[in-house]
Amino acid sequence: MQQFDVKAAVESYFPEFKNDLAKLIAINSKNTPASPNAPFGKGVQEALETALSISKDFGFKTTIDPEGFYGYAEIGEGDELMGVLGHLDVVPADDLDAWNTPPFELTEKDGILYGRGVTDDKGPMLTSMYALKILLEKGVKLNKRIRFIFCTDEESLWRGVKKYIEKEEHPVFGFTPDADFPLLYAEKGLVEYNLITNDEESIDFNGGTAYNAVAEKASVPYTDKIAASMDSLGYKYEKVGDRLVAKGKAAHAMVPEEGINAILHLAEALVKSGETGSMLGFLTERANNHFGVNIFGDIEDNISGKLKFNVGLIDFKPGKQTVGIDIRIPVTYEKEKIDKALEEAGKAFNVQVEEFDYLRSLYIDVNTPLVKSLMQAYQDVTGDLKSEPISTGGATFARSMDNIIAFGALMPGAAKTEHQANECVKIEDLKTAMEIYARAFVLLAT
């Protein structure tokens, strides 16, 4: 194999990389209503076509799903297929006042790149592609096929990757650059439910933005009695028009204990002020613990830690009251036991349980060749021998297929800005990630 200075090559290719990244960042690829051959909207479809166009310029063979659910770019020869799995959709960046730079314009400032998607997942996916481009243009020969699989619905229901799995060849092994270095070897199971009651009378109570986020705000019609209950409990709120808005602190559902749940605070205040209802009873008696102990007991394993429980959404109307919850299940625990315990707990409050989404857990032994090779790639480039493989409550694309591991591109200690205003990444971190991916391709596919 030809020897060359990878770090110097990364430096020389980086201006070209930034130009291609700017093309992807410029596209507002949030999920929008479907149009012909664009099941997740025109923005997502444009991002998919742009990524494939960049891949074609690299000399990769490209394929796009006729229905628009996914695309892929492949290079190399052989029977064995290595996959690099990523996504091109983004979470919304509609709150423009919270951004210091235009979210859909790649902006460089003080050694940092800003823009929606620079860390999740346009930037990392393009970084891994450039790592392989550099190797190939420097004369490195592959002994496997490598396929970059571009999916389109990761921020919602994973319909793009599910369609790929139905229709296309599965990689024998691979990685997704949609998480952290050094790598994630265990990911808790994730299940989301809608809980429903049908009380004929109900207060108008709504709040939250997503199943997988601790509710930052929740509101009901303002009354002095409810306000007094909030005051006596020491919970924060404000009066906005004719509504009382409880104020919490947002956090990811994989760490609900780091947030303050406005829905649960307001539910407790409502009960204290004399409000009744089946779902209010369930929320305040069973669902008021970040670890779900009042429903499931104390569930924990040595690999992935405690079960996590989050109340993310609420919508009360007369005749129907709905709550959306998110549960992260330890990797050794059976999902069927979660179903059964939740249904049993709900019966006493006439709560119906409807599953909304489920992602299986992931666990790959750290002694497997794939984990060892990826860890070696990380260590060879960074010299970091202290960082260990990670177990997480988060959900990455790795769990969508067998023998796929989440591998970067976020460096240890880097700020986690994905899904937030002013999403950003240090340029030096991207360059390091590009070197790591290049080393990984050498170890796994040459």
# chains A, B, ... in the order shown; residues from 1 in each chain; ligands from 1

$ residues_around --residues "A:Met82" --least-positions-apart "4" --cutoff "10 Å" --atoms "only C-alpha atoms" --output "number ranges by chain"
A: 74, 76, 144-148, 170-175, 404, 441, 444-445

$ write_last_selection --atoms "N, CA and C atoms" --output "PDB file, in the first residue's frame"
ATOM      1  N   GLU A  74     -21.415   3.640  -3.891  1.00  0.00           N
ATOM      2  CA  GLU A  74     -20.572   2.467  -3.636  1.00  0.00           C
ATOM      3  C   GLU A  74     -19.304   2.508  -4.476  1.00  0.00           C
ATOM      4  N   GLY A  76     -15.396   0.006  -4.904  1.00  0.00           N
ATOM      5  CA  GLY A  76     -14.638  -1.162  -4.477  1.00  0.00           C
ATOM      6  C   GLY A  76     -15.138  -2.416  -5.152  1.00  0.00           C
ATOM      7  N   LYS A 144     -12.715  -4.791  -0.439  1.00  0.00           N
ATOM      8  CA  LYS A 144     -14.145  -4.940  -0.185  1.00  0.00           C
ATOM      9  C   LYS A 144     -14.896  -3.830  -0.917  1.00  0.00           C
ATOM     10  N   ARG A 145     -16.188  -4.015  -1.046  1.00  0.00           N
ATOM     11  CA  ARG A 145     -17.031  -2.911  -1.486  1.00  0.00           C
ATOM     12  C   ARG A 145     -17.402  -2.060  -0.271  1.00  0.00           C
ATOM     13  N   ILE A 146     -17.371  -0.756  -0.431  1.00  0.00           N
ATOM     14  CA  ILE A 146     -17.803   0.154   0.627  1.00  0.00           C
ATOM     15  C   ILE A 146     -18.992   0.942   0.101  1.00  0.00           C
ATOM     16  N   ARG A 147     -20.053   0.931   0.855  1.00  0.00           N
ATOM     17  CA  ARG A 147     -21.294   1.599   0.445  1.00  0.00           C
ATOM     18  C   ARG A 147     -21.687   2.644   1.479  1.00  0.00           C
ATOM     19  N   PHE A 148     -21.808   3.896   1.041  1.00  0.00           N
ATOM     20  CA  PHE A 148     -22.339   4.975   1.874  1.00  0.00           C
ATOM     21  C   PHE A 148     -23.846   5.014   1.666  1.00  0.00           C
ATOM     22  N   HIS A 170     -27.727  -5.996   2.576  1.00  0.00           N
ATOM     23  CA  HIS A 170     -27.313  -5.546   3.902  1.00  0.00           C
ATOM     24  C   HIS A 170     -25.793  -5.615   4.018  1.00  0.00           C
ATOM     25  N   PRO A 171     -25.151  -4.609   4.593  1.00  0.00           N
ATOM     26  CA  PRO A 171     -23.710  -4.709   4.842  1.00  0.00           C
ATOM     27  C   PRO A 171     -23.395  -5.856   5.790  1.00  0.00           C
ATOM     28  N   VAL A 172     -22.215  -6.451   5.623  1.00  0.00           N
ATOM     29  CA  VAL A 172     -21.753  -7.480   6.552  1.00  0.00           C
ATOM     30  C   VAL A 172     -21.343  -6.836   7.877  1.00  0.00           C
ATOM     31  N   PHE A 173     -20.801  -5.629   7.794  1.00  0.00           N
ATOM     32  CA  PHE A 173     -20.399  -4.869   8.973  1.00  0.00           C
ATOM     33  C   PHE A 173     -20.243  -3.422   8.543  1.00  0.00           C
ATOM     34  N   GLY A 174     -20.021  -2.550   9.518  1.00  0.00           N
ATOM     35  CA  GLY A 174     -19.807  -1.146   9.175  1.00  0.00           C
ATOM     36  C   GLY A 174     -19.972  -0.243  10.375  1.00  0.00           C
ATOM     37  N   PHE A 175     -20.138   1.051  10.090  1.00  0.00           N
ATOM     38  CA  PHE A 175     -20.308   2.024  11.162  1.00  0.00           C
ATOM     39  C   PHE A 175     -21.212   3.157  10.702  1.00  0.00           C
ATOM     40  N   ILE A 404     -23.409  -3.087  12.979  1.00  0.00           N
ATOM     41  CA  ILE A 404     -23.069  -1.687  12.698  1.00  0.00           C
ATOM     42  C   ILE A 404     -22.813  -1.004  14.038  1.00  0.00           C
ATOM     43  N   PHE A 441     -10.825   2.833   7.489  1.00  0.00           N
ATOM     44  CA  PHE A 441     -10.969   2.201   6.183  1.00  0.00           C
ATOM     45  C   PHE A 441      -9.738   1.352   5.842  1.00  0.00           C
ATOM     46  N   LEU A 444     -10.002  -1.874   7.921  1.00  0.00           N
ATOM     47  CA  LEU A 444     -11.175  -2.726   7.691  1.00  0.00           C
ATOM     48  C   LEU A 444     -11.359  -3.135   6.242  1.00  0.00           C
ATOM     49  N   ALA A 445     -10.811  -2.402   5.290  1.00  0.00           N
ATOM     50  CA  ALA A 445     -11.179  -2.633   3.890  1.00  0.00           C
ATOM     51  C   ALA A 445     -10.020  -2.607   2.919  1.00  0.00           C
TER      52      ALA A 445
END

$ residues_around --residues "A:Asp224" --least-positions-apart "4" --cutoff "10 Å" --atoms "only C-alpha atoms" --output "VMD selection string"
chain A and resid 228 to 230 244 273

$ closest_residue --among "A:Phe356, A:Lys372, A:Ile314, A:Phe282" --to "A:Glu344" --atoms "only C-alpha atoms"
A:Phe282

$ residues_around --residues "stretch 373-377 of chain A" --least-positions-apart "4" --cutoff "8 Å" --atoms "only C-alpha atoms" --output "ChimeraX atom specification"
/A:182-183,369,381,389,407,436-437,439-440,443-444

$ write_last_selection --atoms "C-alpha atoms" --output "compact mmCIF listing (two decimals), in the first residue's frame"
# COMPACT_ATOMS: atom_id res chain seq x y z
CA PRO A 182 -14.23 6.45 20.46
CA LEU A 183 -17.35 4.33 19.74
CA PRO A 369 -12.74 -7.69 15.58
CA VAL A 381 -4.70 8.88 15.25
CA PRO A 389 -16.06 2.25 24.47
CA PHE A 407 -18.25 5.59 15.52
CA ILE A 436 -9.64 8.53 12.06
CA TYR A 437 -12.06 7.43 9.35
CA ARG A 439 -7.36 4.86 9.32
CA ALA A 440 -10.52 2.81 9.91
CA LEU A 443 -7.79 -1.39 8.81
CA LEU A 444 -11.18 -2.73 7.69

$ residues_around --residues "A:Leu113" --least-positions-apart "2" --cutoff "8 Å" --atoms "only C-alpha atoms" --output "list in words"
Leu106, Thr107, Glu108, Lys109, Gly111, Gly115, Val118, Cys424, Val425, Lys426 and Ile427 of chain A

$ select_by_dssp --residues "stretch 23-172 of chain A" --states "helix (DSSP H, G or I)" --output "PDB file with N, CA and C atoms, in the first residue's frame"
ATOM      1  N   LYS A  23     -22.772  23.124   0.419  1.00  0.00           N
ATOM      2  CA  LYS A  23     -23.895  22.768  -0.449  1.00  0.00           C
ATOM      3  C   LYS A  23     -24.960  22.015   0.336  1.00  0.00           C
ATOM      4  N   LEU A  24     -24.521  21.103   1.204  1.00  0.00           N
ATOM      5  CA  LEU A  24     -25.483  20.325   1.987  1.00  0.00           C
ATOM      6  C   LEU A  24     -26.150  21.156   3.076  1.00  0.00           C
ATOM      7  N   ILE A  25     -25.360  21.984   3.746  1.00  0.00           N
ATOM      8  CA  ILE A  25     -25.908  22.802   4.836  1.00  0.00           C
ATOM      9  C   ILE A  25     -26.927  23.798   4.302  1.00  0.00           C
ATOM     10  N   LYS A  42     -39.585  18.182  -0.232  1.00  0.00           N
ATOM     11  CA  LYS A  42     -38.629  18.579  -1.263  1.00  0.00           C
ATOM     12  C   LYS A  42     -37.239  18.852  -0.696  1.00  0.00           C
ATOM     13  N   GLY A  43     -37.147  19.381   0.522  1.00  0.00           N
ATOM     14  CA  GLY A  43     -35.845  19.676   1.102  1.00  0.00           C
ATOM     15  C   GLY A  43     -35.036  18.418   1.342  1.00  0.00           C
ATOM     16  N   VAL A  44     -35.665  17.395   1.911  1.00  0.00           N
ATOM     17  CA  VAL A  44     -34.963  16.134   2.153  1.00  0.00           C
ATOM     18  C   VAL A  44     -34.534  15.510   0.823  1.00  0.00           C
ATOM     19  N   GLN A  45     -35.428  15.575  -0.179  1.00  0.00           N
ATOM     20  CA  GLN A  45     -35.089  15.001  -1.480  1.00  0.00           C
ATOM     21  C   GLN A  45     -33.918  15.742  -2.130  1.00  0.00           C
ATOM     22  N   GLU A  46     -33.888  17.051  -1.993  1.00  0.00           N
ATOM     23  CA  GLU A  46     -32.779  17.836  -2.556  1.00  0.00           C
ATOM     24  C   GLU A  46     -31.461  17.466  -1.879  1.00  0.00           C
ATOM     25  N   ALA A  47     -31.492  17.272  -0.554  1.00  0.00           N
ATOM     26  CA  ALA A  47     -30.275  16.883   0.162  1.00  0.00           C
ATOM     27  C   ALA A  47     -29.793  15.516  -0.311  1.00  0.00           C
ATOM     28  N   LEU A  48     -30.718  14.580  -0.502  1.00  0.00           N
ATOM     29  CA  LEU A  48     -30.356  13.251  -0.987  1.00  0.00           C
ATOM     30  C   LEU A  48     -29.715  13.332  -2.367  1.00  0.00           C
ATOM     31  N   GLU A  49     -30.326  14.079  -3.254  1.00  0.00           N
ATOM     32  CA  GLU A  49     -29.787  14.196  -4.611  1.00  0.00           C
ATOM     33  C   GLU A  49     -28.443  14.911  -4.615  1.00  0.00           C
ATOM     34  N   THR A  50     -28.261  15.882  -3.734  1.00  0.00           N
ATOM     35  CA  THR A  50     -26.989  16.603  -3.655  1.00  0.00           C
ATOM     36  C   THR A  50     -25.880  15.687  -3.147  1.00  0.00           C
ATOM     37  N   ALA A  51     -26.164  14.888  -2.119  1.00  0.00           N
ATOM     38  CA  ALA A  51     -25.161  13.955  -1.601  1.00  0.00           C
ATOM     39  C   ALA A  51     -24.758  12.940  -2.667  1.00  0.00           C
ATOM     40  N   LEU A  52     -25.711  12.472  -3.431  1.00  0.00           N
ATOM     41  CA  LEU A  52     -25.398  11.519  -4.496  1.00  0.00           C
ATOM     42  C   LEU A  52     -24.607  12.180  -5.620  1.00  0.00           C
ATOM     43  N   SER A  53     -24.901  13.438  -5.903  1.00  0.00           N
ATOM     44  CA  SER A  53     -24.140  14.172  -6.919  1.00  0.00           C
ATOM     45  C   SER A  53     -22.683  14.340  -6.488  1.00  0.00           C
ATOM     46  N   ILE A  54     -22.464  14.675  -5.225  1.00  0.00           N
ATOM     47  CA  ILE A  54     -21.096  14.788  -4.695  1.00  0.00           C
ATOM     48  C   ILE A  54     -20.396  13.437  -4.805  1.00  0.00           C
ATOM     49  N   SER A  55     -21.110  12.365  -4.437  1.00  0.00           N
ATOM     50  CA  SER A  55     -20.534  11.016  -4.492  1.00  0.00           C
ATOM     51  C   SER A  55     -20.154  10.645  -5.922  1.00  0.00           C
ATOM     52  N   LYS A  56     -20.999  11.002  -6.866  1.00  0.00           N
ATOM     53  CA  LYS A  56     -20.720  10.687  -8.276  1.00  0.00           C
ATOM     54  C   LYS A  56     -19.475  11.415  -8.749  1.00  0.00           C
ATOM     55  N   ASP A  57     -19.293  12.662  -8.300  1.00  0.00           N
ATOM     56  CA  ASP A  57     -18.079  13.422  -8.636  1.00  0.00           C
ATOM     57  C   ASP A  57     -16.829  12.736  -8.075  1.00  0.00           C
ATOM     58  N   LEU A  96     -35.310  31.376  14.376  1.00  0.00           N
ATOM     59  CA  LEU A  96     -34.170  32.105  13.825  1.00  0.00           C
ATOM     60  C   LEU A  96     -33.585  33.104  14.815  1.00  0.00           C
ATOM     61  N   ASP A  97     -34.402  33.627  15.711  1.00  0.00           N
ATOM     62  CA  ASP A  97     -33.903  34.598  16.690  1.00  0.00           C
ATOM     63  C   ASP A  97     -32.882  33.978  17.642  1.00  0.00           C
ATOM     64  N   ALA A  98     -32.923  32.653  17.789  1.00  0.00           N
ATOM     65  CA  ALA A  98     -31.991  31.984  18.692  1.00  0.00           C
ATOM     66  C   ALA A  98     -30.645  31.698  18.034  1.00  0.00           C
ATOM     67  N   LYS A 122     -24.920  15.666   8.455  1.00  0.00           N
ATOM     68  CA  LYS A 122     -24.325  15.974   7.152  1.00  0.00           C
ATOM     69  C   LYS A 122     -22.806  16.098   7.254  1.00  0.00           C
ATOM     70  N   GLY A 123     -22.328  16.822   8.266  1.00  0.00           N
ATOM     71  CA  GLY A 123     -20.893  17.012   8.420  1.00  0.00           C
ATOM     72  C   GLY A 123     -20.148  15.711   8.631  1.00  0.00           C
ATOM     73  N   PRO A 124     -20.543  14.880   9.591  1.00  0.00           N
ATOM     74  CA  PRO A 124     -19.852  13.609   9.805  1.00  0.00           C
ATOM     75  C   PRO A 124     -19.918  12.663   8.603  1.00  0.00           C
ATOM     76  N   MET A 125     -21.077  12.593   7.949  1.00  0.00           N
ATOM     77  CA  MET A 125     -21.187  11.689   6.803  1.00  0.00           C
ATOM     78  C   MET A 125     -20.234  12.122   5.685  1.00  0.00           C
ATOM     79  N   LEU A 126     -20.196  13.421   5.411  1.00  0.00           N
ATOM     80  CA  LEU A 126     -19.291  13.916   4.377  1.00  0.00           C
ATOM     81  C   LEU A 126     -17.831  13.743   4.799  1.00  0.00           C
ATOM     82  N   THR A 127     -17.549  13.878   6.082  1.00  0.00           N
ATOM     83  CA  THR A 127     -16.191  13.667   6.591  1.00  0.00           C
ATOM     84  C   THR A 127     -15.715  12.254   6.295  1.00  0.00           C
ATOM     85  N   SER A 128     -16.566  11.264   6.537  1.00  0.00           N
ATOM     86  CA  SER A 128     -16.180   9.877   6.263  1.00  0.00           C
ATOM     87  C   SER A 128     -16.011   9.641   4.766  1.00  0.00           C
ATOM     88  N   MET A 129     -16.825  10.286   3.956  1.00  0.00           N
ATOM     89  CA  MET A 129     -16.693  10.147   2.504  1.00  0.00           C
ATOM     90  C   MET A 129     -15.364  10.722   2.013  1.00  0.00           C
ATOM     91  N   TYR A 130     -14.997  11.872   2.540  1.00  0.00           N
ATOM     92  CA  TYR A 130     -13.729  12.484   2.136  1.00  0.00           C
ATOM     93  C   TYR A 130     -12.544  11.652   2.605  1.00  0.00           C
ATOM     94  N   ALA A 131     -12.671  10.998   3.740  1.00  0.00           N
ATOM     95  CA  ALA A 131     -11.588  10.129   4.204  1.00  0.00           C
ATOM     96  C   ALA A 131     -11.296   9.044   3.179  1.00  0.00           C
ATOM     97  N   LEU A 132     -12.362   8.437   2.632  1.00  0.00           N
ATOM     98  CA  LEU A 132     -12.167   7.400   1.625  1.00  0.00           C
ATOM     99  C   LEU A 132     -11.693   7.997   0.298  1.00  0.00           C
ATOM    100  N   LYS A 133     -12.234   9.140  -0.071  1.00  0.00           N
ATOM    101  CA  LYS A 133     -11.795   9.815  -1.307  1.00  0.00           C
ATOM    102  C   LYS A 133     -10.284  10.056  -1.278  1.00  0.00           C
ATOM    103  N   ILE A 134      -9.785  10.528  -0.151  1.00  0.00           N
ATOM    104  CA  ILE A 134      -8.346  10.802  -0.027  1.00  0.00           C
ATOM    105  C   ILE A 134      -7.548   9.513  -0.232  1.00  0.00           C
ATOM    106  N   LEU A 135      -7.960   8.444   0.441  1.00  0.00           N
ATOM    107  CA  LEU A 135      -7.246   7.172   0.311  1.00  0.00           C
ATOM    108  C   LEU A 135      -7.207   6.703  -1.139  1.00  0.00           C
ATOM    109  N   LEU A 136      -8.355   6.753  -1.793  1.00  0.00           N
ATOM    110  CA  LEU A 136      -8.430   6.241  -3.164  1.00  0.00           C
ATOM    111  C   LEU A 136      -7.595   7.086  -4.119  1.00  0.00           C
ATOM    112  N   GLU A 137      -7.628   8.395  -3.948  1.00  0.00           N
ATOM    113  CA  GLU A 137      -6.877   9.260  -4.844  1.00  0.00           C
ATOM    114  C   GLU A 137      -5.382   9.222  -4.567  1.00  0.00           C
ATOM    115  N   ARG A 159     -38.178   5.693   8.546  1.00  0.00           N
ATOM    116  CA  ARG A 159     -38.829   5.004   7.430  1.00  0.00           C
ATOM    117  C   ARG A 159     -37.882   4.809   6.250  1.00  0.00           C
ATOM    118  N   GLY A 160     -36.904   5.725   6.086  1.00  0.00           N
ATOM    119  CA  GLY A 160     -35.946   5.581   4.997  1.00  0.00           C
ATOM    120  C   GLY A 160     -35.095   4.338   5.144  1.00  0.00           C
ATOM    121  N   VAL A 161     -34.499   4.145   6.314  1.00  0.00           N
ATOM    122  CA  VAL A 161     -33.633   2.982   6.511  1.00  0.00           C
ATOM    123  C   VAL A 161     -34.451   1.688   6.525  1.00  0.00           C
ATOM    124  N   LYS A 162     -35.677   1.753   7.014  1.00  0.00           N
ATOM    125  CA  LYS A 162     -36.525   0.564   6.990  1.00  0.00           C
ATOM    126  C   LYS A 162     -36.816   0.138   5.554  1.00  0.00           C
ATOM    127  N   LYS A 163     -37.029   1.115   4.689  1.00  0.00           N
ATOM    128  CA  LYS A 163     -37.266   0.799   3.283  1.00  0.00           C
ATOM    129  C   LYS A 163     -36.000   0.228   2.640  1.00  0.00           C
ATOM    130  N   TYR A 164     -34.841   0.785   2.997  1.00  0.00           N
ATOM    131  CA  TYR A 164     -33.578   0.229   2.482  1.00  0.00           C
ATOM    132  C   TYR A 164     -33.442  -1.232   2.895  1.00  0.00           C
ATOM    133  N   ILE A 165     -33.710  -1.531   4.143  1.00  0.00           N
ATOM    134  CA  ILE A 165     -33.562  -2.897   4.658  1.00  0.00           C
ATOM    135  C   ILE A 165     -34.485  -3.859   3.911  1.00  0.00           C
ATOM    136  N   GLU A 166     -35.673  -3.383   3.555  1.00  0.00           N
ATOM    137  CA  GLU A 166     -36.628  -4.220   2.817  1.00  0.00           C
ATOM    138  C   GLU A 166     -36.130  -4.551   1.410  1.00  0.00           C
ATOM    139  N   LYS A 167     -35.429  -3.610   0.783  1.00  0.00           N
ATOM    140  CA  LYS A 167     -35.201  -3.713  -0.654  1.00  0.00           C
ATOM    141  C   LYS A 167     -33.760  -3.980  -1.074  1.00  0.00           C
TER     142      LYS A 167
END

$ select_by_dssp --residues "stretch 203-344 of chain A" --states "strand (DSSP E)" --output "PyMOL selection string"
chain A and resi 205-207+217-221+237-240+243-247+300-301+305-306+308-317+320-329

$ residues_around --residues "A:Val366" --least-positions-apart "4" --cutoff "10 Å" --atoms "only C-alpha atoms" --output "ChimeraX atom specification"
/A:184-186,370-372,375,388-390

$ write_last_selection --atoms "all heavy atoms" --output "JSON list (two decimals), in the first residue's frame"
[["chain", "number", "residue", "atom", "x", "y", "z"],
["A", 184, "LEU", "N", -19.60, 3.60, 20.29],
["A", 184, "LEU", "CA", -20.69, 3.17, 21.16],
["A", 184, "LEU", "C", -20.94, 1.68, 20.92],
["A", 184, "LEU", "O", -21.26, 1.28, 19.79],
["A", 184, "LEU", "CB", -21.97, 3.94, 20.86],
["A", 184, "LEU", "CG", -22.14, 5.32, 21.51],
["A", 184, "LEU", "CD1", -21.03, 6.27, 21.09],
["A", 184, "LEU", "CD2", -23.49, 5.92, 21.13],
["A", 185, "TYR", "N", -20.74, 0.87, 21.94],
["A", 185, "TYR", "CA", -20.93, -0.57, 21.79],
["A", 185, "TYR", "C", -22.26, -1.07, 22.35],
["A", 185, "TYR", "O", -22.67, -2.21, 22.10],
["A", 185, "TYR", "CB", -19.78, -1.32, 22.47],
["A", 185, "TYR", "CG", -19.87, -1.37, 23.97],
["A", 185, "TYR", "CD1", -20.31, -2.51, 24.64],
["A", 185, "TYR", "CD2", -19.53, -0.26, 24.76],
["A", 185, "TYR", "CE1", -20.41, -2.57, 26.01],
["A", 185, "TYR", "CE2", -19.63, -0.31, 26.13],
["A", 185, "TYR", "CZ", -20.06, -1.45, 26.76],
["A", 185, "TYR", "OH", -20.15, -1.49, 28.12],
["A", 186, "ALA", "N", -22.95, -0.24, 23.13],
["A", 186, "ALA", "CA", -24.23, -0.64, 23.72],
["A", 186, "ALA", "C", -25.18, 0.56, 23.70],
["A", 186, "ALA", "O", -24.80, 1.66, 24.10],
["A", 186, "ALA", "CB", -24.04, -1.14, 25.15],
["A", 370, "LEU", "N", -14.45, -6.09, 14.89],
["A", 370, "LEU", "CA", -14.91, -4.78, 14.43],
["A", 370, "LEU", "C", -14.64, -3.72, 15.49],
["A", 370, "LEU", "O", -14.10, -2.64, 15.19],
["A", 370, "LEU", "CB", -16.41, -4.83, 14.11],
["A", 370, "LEU", "CG", -17.05, -3.50, 13.69],
["A", 370, "LEU", "CD1", -16.37, -2.91, 12.48],
["A", 370, "LEU", "CD2", -18.55, -3.70, 13.44],
["A", 371, "VAL", "N", -15.00, -4.00, 16.74],
["A", 371, "VAL", "CA", -14.76, -3.03, 17.81],
["A", 371, "VAL", "C", -13.26, -2.78, 17.99],
["A", 371, "VAL", "O", -12.81, -1.64, 18.11],
["A", 371, "VAL", "CB", -15.39, -3.51, 19.13],
["A", 371, "VAL", "CG1", -14.99, -2.59, 20.29],
["A", 371, "VAL", "CG2", -16.91, -3.56, 19.01],
["A", 372, "LYS", "N", -12.49, -3.85, 17.96],
["A", 372, "LYS", "CA", -11.05, -3.70, 18.15],
["A", 372, "LYS", "C", -10.42, -2.86, 17.04],
["A", 372, "LYS", "O", -9.55, -2.01, 17.30],
["A", 372, "LYS", "CB", -10.38, -5.08, 18.21],
["A", 372, "LYS", "CG", -10.64, -5.82, 19.52],
["A", 372, "LYS", "CD", -9.86, -7.12, 19.57],
["A", 372, "LYS", "CE", -9.97, -7.79, 20.92],
["A", 372, "LYS", "NZ", -9.18, -9.04, 20.98],
["A", 375, "MET", "N", -11.51, 0.84, 17.47],
["A", 375, "MET", "CA", -10.78, 1.43, 18.60],
["A", 375, "MET", "C", -9.32, 1.69, 18.22],
["A", 375, "MET", "O", -8.75, 2.73, 18.58],
["A", 375, "MET", "CB", -10.86, 0.51, 19.82],
["A", 375, "MET", "CG", -12.18, 0.53, 20.55],
["A", 375, "MET", "SD", -12.62, 2.15, 21.25],
["A", 375, "MET", "CE", -11.30, 2.38, 22.45],
["A", 388, "GLU", "N", -12.74, 4.97, 26.83],
["A", 388, "GLU", "CA", -13.25, 3.60, 26.69],
["A", 388, "GLU", "C", -14.47, 3.57, 25.78],
["A", 388, "GLU", "O", -15.15, 4.58, 25.59],
["A", 388, "GLU", "CB", -13.65, 3.06, 28.07],
["A", 388, "GLU", "CG", -12.50, 2.96, 29.06],
["A", 388, "GLU", "CD", -11.58, 1.79, 28.77],
["A", 388, "GLU", "OE1", -11.99, 0.91, 27.98],
["A", 388, "GLU", "OE2", -10.47, 1.76, 29.34],
["A", 389, "PRO", "N", -14.79, 2.40, 25.20],
["A", 389, "PRO", "CA", -16.06, 2.25, 24.47],
["A", 389, "PRO", "C", -17.23, 2.67, 25.36],
["A", 389, "PRO", "O", -17.21, 2.48, 26.57],
["A", 389, "PRO", "CB", -16.10, 0.76, 24.14],
["A", 389, "PRO", "CG", -14.66, 0.35, 24.09],
["A", 389, "PRO", "CD", -13.98, 1.17, 25.15],
["A", 390, "ILE", "N", -18.25, 3.23, 24.73],
["A", 390, "ILE", "CA", -19.33, 3.91, 25.45],
["A", 390, "ILE", "C", -20.62, 3.09, 25.41],
["A", 390, "ILE", "O", -20.98, 2.53, 24.38],
["A", 390, "ILE", "CB", -19.58, 5.29, 24.83],
["A", 390, "ILE", "CG1", -18.32, 6.16, 24.90],
["A", 390, "ILE", "CG2", -20.75, 5.99, 25.52],
["A", 390, "ILE", "CD1", -18.39, 7.39, 24.01]]

$ residues_around --residues "A:Thr446" --least-positions-apart "3" --cutoff "7 Å" --atoms "only C-alpha atoms" --output "NGL selection string"
:A and (141-143 or 442-443)

$ write_last_selection --atoms "C-alpha atoms" --output "PDB file, in the first residue's frame"
ATOM      1  CA  LYS A 141      -6.657  -0.332  -3.053  1.00  0.00           C
ATOM      2  CA  LEU A 142      -9.783  -1.785  -1.480  1.00  0.00           C
ATOM      3  CA  ASN A 143     -10.453  -5.492  -0.948  1.00  0.00           C
ATOM      4  CA  VAL A 442      -7.352   1.067   5.943  1.00  0.00           C
ATOM      5  CA  LEU A 443      -7.793  -1.395   8.812  1.00  0.00           C
TER       6      LEU A 443
END

$ atom_distance --atom1 "atom CA of A:Lys188" --atom2 "atom CA of A:Leu264"
24.0 Å

$ residues_around --residues "A:Ala262" --least-positions-apart "2" --cutoff "9 Å" --atoms "only C-alpha atoms" --output "MDAnalysis selection string"
chainID A and resid 207:208 214:219 235:237 245:249 260 264:267

$ atom_distance --atom1 "atom CA of A:Ala8" --atom2 "atom CA of A:Lys138"
12.0 Å

$ closest_residue --among "A:Val90, A:Ile325, A:Val84, A:Leu195" --to "A:Asn31" --atoms "only C-alpha atoms"
A:Val90

$ closest_residue --among "A:Ala421, A:Leu85, A:Ile327, A:Val220" --to "A:Glu275" --atoms "only C-alpha atoms"
A:Val220

$ closest_residue --among "A:Tyr358, A:Asp315, A:Arg328, A:Phe296" --to "A:Gly346" --atoms "only C-alpha atoms"
A:Phe296

$ atom_distance --atom1 "atom CA of A:Glu238" --atom2 "atom CA of A:Glu257"
23.1 Å
